[in-house]
>>> print(open('protein_22.csv').read())   # CSV, C-alpha atoms and all ligand atoms
chain,number,residue,atom,x,y,z
A,1,MET,CA,0.0,0.0,0.0
A,2,ALA,CA,1.1,3.6,-0.5
A,3,ALA,CA,3.2,5.3,2.1
A,4,VAL,CA,2.0,8.3,3.9
A,5,THR,CA,3.9,11.0,5.7
A,6,ARG,CA,3.2,12.3,9.2
A,7,ASP,CA,4.8,15.5,10.5
A,8,LEU,CA,5.7,15.2,14.2
A,9,PRO,CA,7.1,18.7,15.0
A,10,ASP,CA,7.6,18.1,18.7
A,11,LEU,CA,7.4,15.6,21.5
A,12,ALA,CA,3.7,16.2,22.1
A,13,ALA,CA,3.0,15.4,18.4
A,14,MET,CA,5.0,12.2,18.7
A,15,GLU,CA,3.1,11.1,21.8
A,16,ALA,CA,-0.2,11.9,20.2
A,17,PHE,CA,0.8,9.8,17.2
A,18,GLY,CA,1.6,6.9,19.6
A,19,ALA,CA,-1.8,7.2,21.3
A,20,ARG,CA,-3.6,7.1,17.9
A,21,LEU,CA,-1.5,4.0,16.9
A,22,ALA,CA,-2.3,2.3,20.2
A,23,ALA,CA,-6.0,2.6,19.4
A,24,LYS,CA,-5.5,0.6,16.2
A,25,ILE,CA,-3.3,-2.3,17.1
A,26,ARG,CA,-4.4,-5.9,16.9
A,27,ALA,CA,-2.7,-9.2,17.9
A,28,GLY,CA,-0.3,-10.3,15.1
A,29,ASP,CA,0.6,-6.7,14.1
A,30,VAL,CA,4.2,-5.5,13.8
A,31,ILE,CA,5.1,-1.9,14.3
A,32,ALA,CA,8.5,-1.7,12.7
A,33,LEU,CA,10.3,1.5,13.8
A,34,SER,CA,13.4,2.5,11.8
A,35,GLY,CA,15.5,5.6,11.9
A,36,PRO,CA,18.8,6.7,13.3
A,37,LEU,CA,19.9,6.8,16.9
A,38,GLY,CA,17.9,9.5,18.7
A,39,ALA,CA,15.2,9.6,16.0
A,40,GLY,CA,12.5,8.8,18.6
A,41,LYS,CA,11.8,5.0,18.1
A,42,THR,CA,11.8,4.3,21.9
A,43,THR,CA,9.8,7.5,22.5
A,44,LEU,CA,7.1,6.3,20.1
A,45,ALA,CA,7.1,2.8,21.5
A,46,ARG,CA,6.6,4.2,25.0
A,47,ALA,CA,3.7,6.3,23.7
A,48,ILE,CA,2.1,3.3,22.1
A,49,LEU,CA,2.5,1.2,25.3
A,50,GLN,CA,1.0,4.0,27.4
A,51,GLY,CA,-1.8,4.5,25.0
A,52,ALA,CA,-2.5,0.7,25.2
A,53,GLY,CA,-2.9,1.1,28.9
A,54,HIS,CA,0.5,0.4,30.3
A,55,ARG,CA,1.3,2.4,33.4
A,56,GLY,CA,4.8,2.6,34.8
A,57,GLU,CA,8.3,2.3,33.3
A,58,VAL,CA,9.1,1.3,29.8
A,59,PRO,CA,12.7,0.4,29.9
A,60,SER,CA,14.6,0.6,26.6
A,61,PRO,CA,15.2,-3.0,25.5
A,62,THR,CA,18.7,-2.2,24.3
A,63,PHE,CA,20.2,-4.8,26.5
A,64,THR,CA,17.4,-7.2,27.3
A,65,LEU,CA,16.4,-7.1,23.5
A,66,ILE,CA,12.8,-7.9,24.3
A,67,GLU,CA,10.5,-6.6,27.0
A,68,MET,CA,7.1,-8.2,27.2
A,69,TYR,CA,3.9,-6.4,28.3
A,70,ASP,CA,1.6,-9.4,29.0
A,71,ALA,CA,-1.0,-7.5,31.0
A,72,LEU,CA,-2.1,-5.5,28.0
A,73,ASP,CA,-4.9,-6.6,25.6
A,74,PRO,CA,-3.5,-7.4,23.2
A,75,PRO,CA,-0.1,-8.1,24.8
A,76,VAL,CA,2.8,-6.2,23.4
A,77,ALA,CA,6.4,-7.3,22.9
A,78,HIS,CA,8.8,-4.4,22.6
A,79,ALA,CA,12.1,-5.4,21.0
A,80,ASP,CA,15.3,-3.5,20.1
A,81,PHE,CA,17.4,-5.5,17.6
A,82,TYR,CA,20.2,-3.0,17.4
A,83,ARG,CA,22.6,-5.5,19.1
A,84,LEU,CA,21.9,-8.4,16.8
A,85,ASP,CA,24.8,-9.4,14.6
A,86,ASN,CA,22.8,-11.8,12.5
A,87,PRO,CA,19.0,-12.0,11.8
A,88,ALA,CA,19.0,-15.7,12.8
A,89,GLU,CA,19.6,-14.5,16.4
A,90,ALA,CA,16.1,-13.2,16.5
A,91,GLU,CA,14.8,-16.8,16.3
A,92,GLU,CA,17.2,-17.9,19.0
A,93,LEU,CA,15.7,-15.3,21.3
A,94,GLY,CA,12.4,-17.0,20.9
A,95,LEU,CA,10.8,-14.2,19.0
A,96,ASP,CA,8.1,-16.4,17.5
A,97,ASP,CA,6.9,-17.3,21.0
A,98,TYR,CA,6.9,-13.7,22.2
A,99,ARG,CA,4.9,-12.8,19.1
A,100,GLU,CA,2.2,-15.5,19.6
A,101,GLY,CA,-1.1,-13.6,20.1
A,102,ALA,CA,0.8,-10.3,20.7
A,103,VAL,CA,1.7,-7.1,18.9
A,104,LEU,CA,5.4,-6.7,18.2
A,105,ILE,CA,7.0,-3.2,18.4
A,106,ALA,CA,10.4,-3.6,16.8
A,107,GLU,CA,13.2,-1.0,16.9
A,108,TRP,CA,16.0,-1.7,14.3
A,109,PRO,CA,13.8,-4.2,12.5
A,110,GLU,CA,16.2,-4.6,9.6
A,111,ARG,CA,18.7,-6.2,12.0
A,112,ALA,CA,16.2,-9.0,12.6
A,113,GLY,CA,15.7,-9.5,8.9
A,114,GLY,CA,12.8,-7.0,8.5
A,115,PHE,CA,9.1,-7.4,8.7
A,116,ALA,CA,7.8,-5.2,5.9
A,117,HIS,CA,6.8,-8.2,3.8
A,118,GLU,CA,4.2,-9.2,6.5
A,119,PRO,CA,0.7,-8.0,5.7
A,120,ALA,CA,0.3,-7.0,9.4
A,121,CYS,CA,3.4,-4.8,9.4
A,122,LEU,CA,3.2,-1.1,9.7
A,123,ALA,CA,6.7,0.2,8.8
A,124,ILE,CA,7.4,3.6,10.3
A,125,ASP,CA,10.7,5.3,9.3
A,126,ILE,CA,11.4,8.3,11.5
A,127,SER,CA,13.8,11.1,10.4
A,128,PHE,CA,15.0,14.4,11.8
A,129,ASP,CA,13.1,17.4,10.4
A,130,ALA,CA,14.2,20.8,11.6
A,131,THR,CA,13.8,20.6,15.4
A,132,GLY,CA,11.1,17.9,15.2
A,133,ARG,CA,10.6,14.6,13.3
A,134,LYS,CA,8.9,13.3,10.2
A,135,ALA,CA,7.6,9.7,9.9
A,136,ILE,CA,7.1,7.9,6.6
A,137,VAL,CA,4.5,5.2,7.3
A,138,GLU,CA,4.2,2.2,5.0
A,139,PRO,CA,1.3,-0.1,5.8
A,140,GLY,CA,0.9,-3.7,4.9
A,141,THR,CA,-2.4,-4.8,3.4
A,142,ASP,CA,-3.8,-5.7,6.9
A,143,TRP,CA,-3.6,-2.0,7.8
A,144,LEU,CA,-6.1,-1.0,5.1
A,145,GLY,CA,-8.3,1.7,6.7
A,146,ARG,CA,-6.4,1.6,10.0
A,147,VAL,CA,-3.4,3.9,9.4
A,148,PRO,CA,-3.5,6.7,12.0
A,201,LIG,P1,15.7,6.2,19.5
A,201,LIG,O1,15.0,5.1,20.2
A,201,LIG,O2,15.2,6.3,18.1
A,201,LIG,O3,17.2,6.0,19.5
A,201,LIG,P2,14.8,7.9,21.6
A,201,LIG,O4,13.3,7.8,21.6
A,201,LIG,O5,15.5,7.2,22.7
A,201,LIG,O6,15.4,7.6,20.2
A,201,LIG,O7,15.2,9.4,21.8
A,201,LIG,C1,14.6,10.4,21.0
A,201,LIG,C2,14.8,11.8,21.6
A,201,LIG,O8,14.1,12.7,20.8
A,201,LIG,C3,14.2,11.9,23.0
A,201,LIG,O9,15.0,12.8,23.7
A,201,LIG,C4,12.8,12.6,22.7
A,201,LIG,O10,12.4,13.4,23.7
A,201,LIG,C5,13.1,13.4,21.4
A,201,LIG,N1,11.9,13.4,20.5
A,201,LIG,C6,11.1,12.3,20.2
A,201,LIG,N2,10.2,12.7,19.3
A,201,LIG,C7,10.4,14.0,19.1
A,201,LIG,C8,9.8,15.0,18.2
A,201,LIG,N3,8.7,14.6,17.4
A,201,LIG,N4,10.3,16.2,18.1
A,201,LIG,C9,11.3,16.5,18.9
A,201,LIG,N5,12.0,15.7,19.7
A,201,LIG,C10,11.5,14.5,19.8
A,202,MG,MG,15.7,3.2,21.1
>>> encode(input="protein_22.csv", output="structure tokens")
Amino acid sequence: MAAVTRDLPDLAAMEAFGARLAAKIRAGDVIALSGPLGAGKTTLARAILQGAGHRGEVPSPTFTLIEMYDALDPPVAHADFYRLDNPAEAEELGLDDYREGAVLIAEWPERAGGFAHEPACLAIDISFDATGRKAIVEPGTDWLGRVP
């Protein structure tokens, strides 16, 4: 499906975008967040988790690689694949088990082999834009009519 652009001029816009995304997620979805260090991937992941009802800390999974939020409906797995040397390591982490019945929010998705080929993937590429950010959103076919 065609990509759309979202202007996110400040942190409040980023958080509002996350809240709108949270209202749309379904089990089986992948929110693939790409962009350079400091782009706002973890910030957006936190906003989605908070919008989905999570209260409390959202530690960056830079070292744990995957943080699971089982109490949410649907459950959400938040992964950061930055430290993977090889996409095969994603399987060794048990990624498929984490994803069962859950939404996956993935930072550095390309290091896990990428998810954009999955119909339920919403690929969001965040870049710096003046003092804010810009997101290019590429929906898989399962996102028809759901792109916030
Ligand atoms: P990443 O996970 O991509 O490395 P982080 O989310 O950890 O990036 O950090 C992004 C930084 O940019 C944070 O300091 C956050 O407050 C800031 N930020 C996030 N979104 C925006 C935005 N739309 N405009 C300006 N600053 C933002
Ligand atoms: Mg991050």
>>> residues_around(input="protein_22.csv", residues="range 90-100 of chain A", least_positions_apart="2", cutoff="8 Å", atoms="only C-alpha atoms", output="mmCIF file with C-alpha atoms, keeping the file's coordinate frame")
data_model
loop_
_atom_site.group_PDB
_atom_site.id
_atom_site.type_symbol
_atom_site.label_atom_id
_atom_site.label_comp_id
_atom_site.auth_asym_id
_atom_site.auth_seq_id
_atom_site.Cartn_x
_atom_site.Cartn_y
_atom_site.Cartn_z
ATOM 1 C CA GLY A 28 -0.300 -10.300 15.100
ATOM 2 C CA MET A 68 7.100 -8.200 27.200
ATOM 3 C CA ALA A 77 6.400 -7.300 22.900
ATOM 4 C CA PHE A 81 17.400 -5.500 17.600
ATOM 5 C CA LEU A 84 21.900 -8.400 16.800
ATOM 6 C CA ASN A 86 22.800 -11.800 12.500
ATOM 7 C CA PRO A 87 19.000 -12.000 11.800
ATOM 8 C CA ALA A 88 19.000 -15.700 12.800
ATOM 9 C CA ALA A 102 0.800 -10.300 20.700
ATOM 10 C CA VAL A 103 1.700 -7.100 18.900
ATOM 11 C CA LEU A 104 5.400 -6.700 18.200
ATOM 12 C CA ALA A 112 16.200 -9.000 12.600
#
>>> residues_near_ligand(input="protein_22.csv", ligand="ligand LIG 201 (chain A)", cutoff="7 Å", atoms="only C-alpha atoms and all ligand atoms", output="PyMOL selection string")
chain A and resi 8-11+13-14+35-44+131-133
>>> write_last_selection(input="protein_22.csv", atoms="C-alpha atoms", output="PDB file, keeping the file's coordinate frame")
ATOM      1  CA  LEU A   8       5.700  15.200  14.200  1.00  0.00           C
ATOM      2  CA  PRO A   9       7.100  18.700  15.000  1.00  0.00           C
ATOM      3  CA  ASP A  10       7.600  18.100  18.700  1.00  0.00           C
ATOM      4  CA  LEU A  11       7.400  15.600  21.500  1.00  0.00           C
ATOM      5  CA  ALA A  13       3.000  15.400  18.400  1.00  0.00           C
ATOM      6  CA  MET A  14       5.000  12.200  18.700  1.00  0.00           C
ATOM      7  CA  GLY A  35      15.500   5.600  11.900  1.00  0.00           C
ATOM      8  CA  PRO A  36      18.800   6.700  13.300  1.00  0.00           C
ATOM      9  CA  LEU A  37      19.900   6.800  16.900  1.00  0.00           C
ATOM     10  CA  GLY A  38      17.900   9.500  18.700  1.00  0.00           C
ATOM     11  CA  ALA A  39      15.200   9.600  16.000  1.00  0.00           C
ATOM     12  CA  GLY A  40      12.500   8.800  18.600  1.00  0.00           C
ATOM     13  CA  LYS A  41      11.800   5.000  18.100  1.00  0.00           C
ATOM     14  CA  THR A  42      11.800   4.300  21.900  1.00  0.00           C
ATOM     15  CA  THR A  43       9.800   7.500  22.500  1.00  0.00           C
ATOM     16  CA  LEU A  44       7.100   6.300  20.100  1.00  0.00           C
ATOM     17  CA  THR A 131      13.800  20.600  15.400  1.00  0.00           C
ATOM     18  CA  GLY A 132      11.100  17.900  15.200  1.00  0.00           C
ATOM     19  CA  ARG A 133      10.600  14.600  13.300  1.00  0.00           C
TER      20      ARG A 133
END
>>> closest_residue(input="protein_22.csv", among="A:Val147, A:Leu72, A:Leu21, A:Ala106", to="ligand MG 202 (chain A)", atoms="all atoms listed in the file")
A:Ala106
>>> closest_residue(input="protein_22.csv", among="A:Arg83, A:Asp29, A:Lys134, A:Glu110", to="Leu122 in chain A", atoms="all atoms listed in the file")
A:Asp29
>>> atom_distance(input="protein_22.csv", atom1="CA of Ser34 in chain A", atom2="CA of Ala47 in chain A")
15.8 Å
>>> closest_residue(input="protein_22.csv", among="A:Ala135, A:Leu65, A:Ala32, A:Cys121", to="Ala45 in chain A", atoms="all atoms listed in the file")
A:Ala32
>>> closest_residue(input="protein_22.csv", among="A:Gln50, A:Phe17, A:Tyr82, A:Asp142", to="Tyr69 in chain A", atoms="all atoms listed in the file")
A:Gln50
>>> residues_around(input="protein_22.csv", residues="Ala71 in chain A", least_positions_apart="5", cutoff="12 Å", atoms="only C-alpha atoms", output="ChimeraX atom specification")
/A:49,52-55,76-77,102
>>> closest_residue(input="protein_22.csv", among="A:Gly101, A:Gly114, A:Gly140, A:Pro59", to="Pro75 in chain A", atoms="only C-alpha atoms")
A:Gly101
>>> closest_residue(input="protein_22.csv", among="A:Val30, A:Val4, A:Ala12, A:Val58", to="ligand MG 202 (chain A)", atoms="all atoms listed in the file")
A:Val58
>>> atom_distance(input="protein_22.csv", atom1="CA of Gly18 in chain A", atom2="CA of Ile105 in chain A")
11.5 Å
>>> residues_near_point(input="protein_22.csv", point="(7.3, 2.2, 8.1)", cutoff="9 Å", atoms="only C-alpha atoms", output="list in words")
Ala3, Ile31, Ala32, Leu33, Ser34, Ala116, Cys121, Leu122, Ala123, Ile124, Asp125, Ile126, Ala135, Ile136, Val137, Glu138 and Pro139 of chain A
>>> atom_distance(input="protein_22.csv", atom1="CA of Thr62 in chain A", atom2="CA of Glu89 in chain A")
14.6 Å
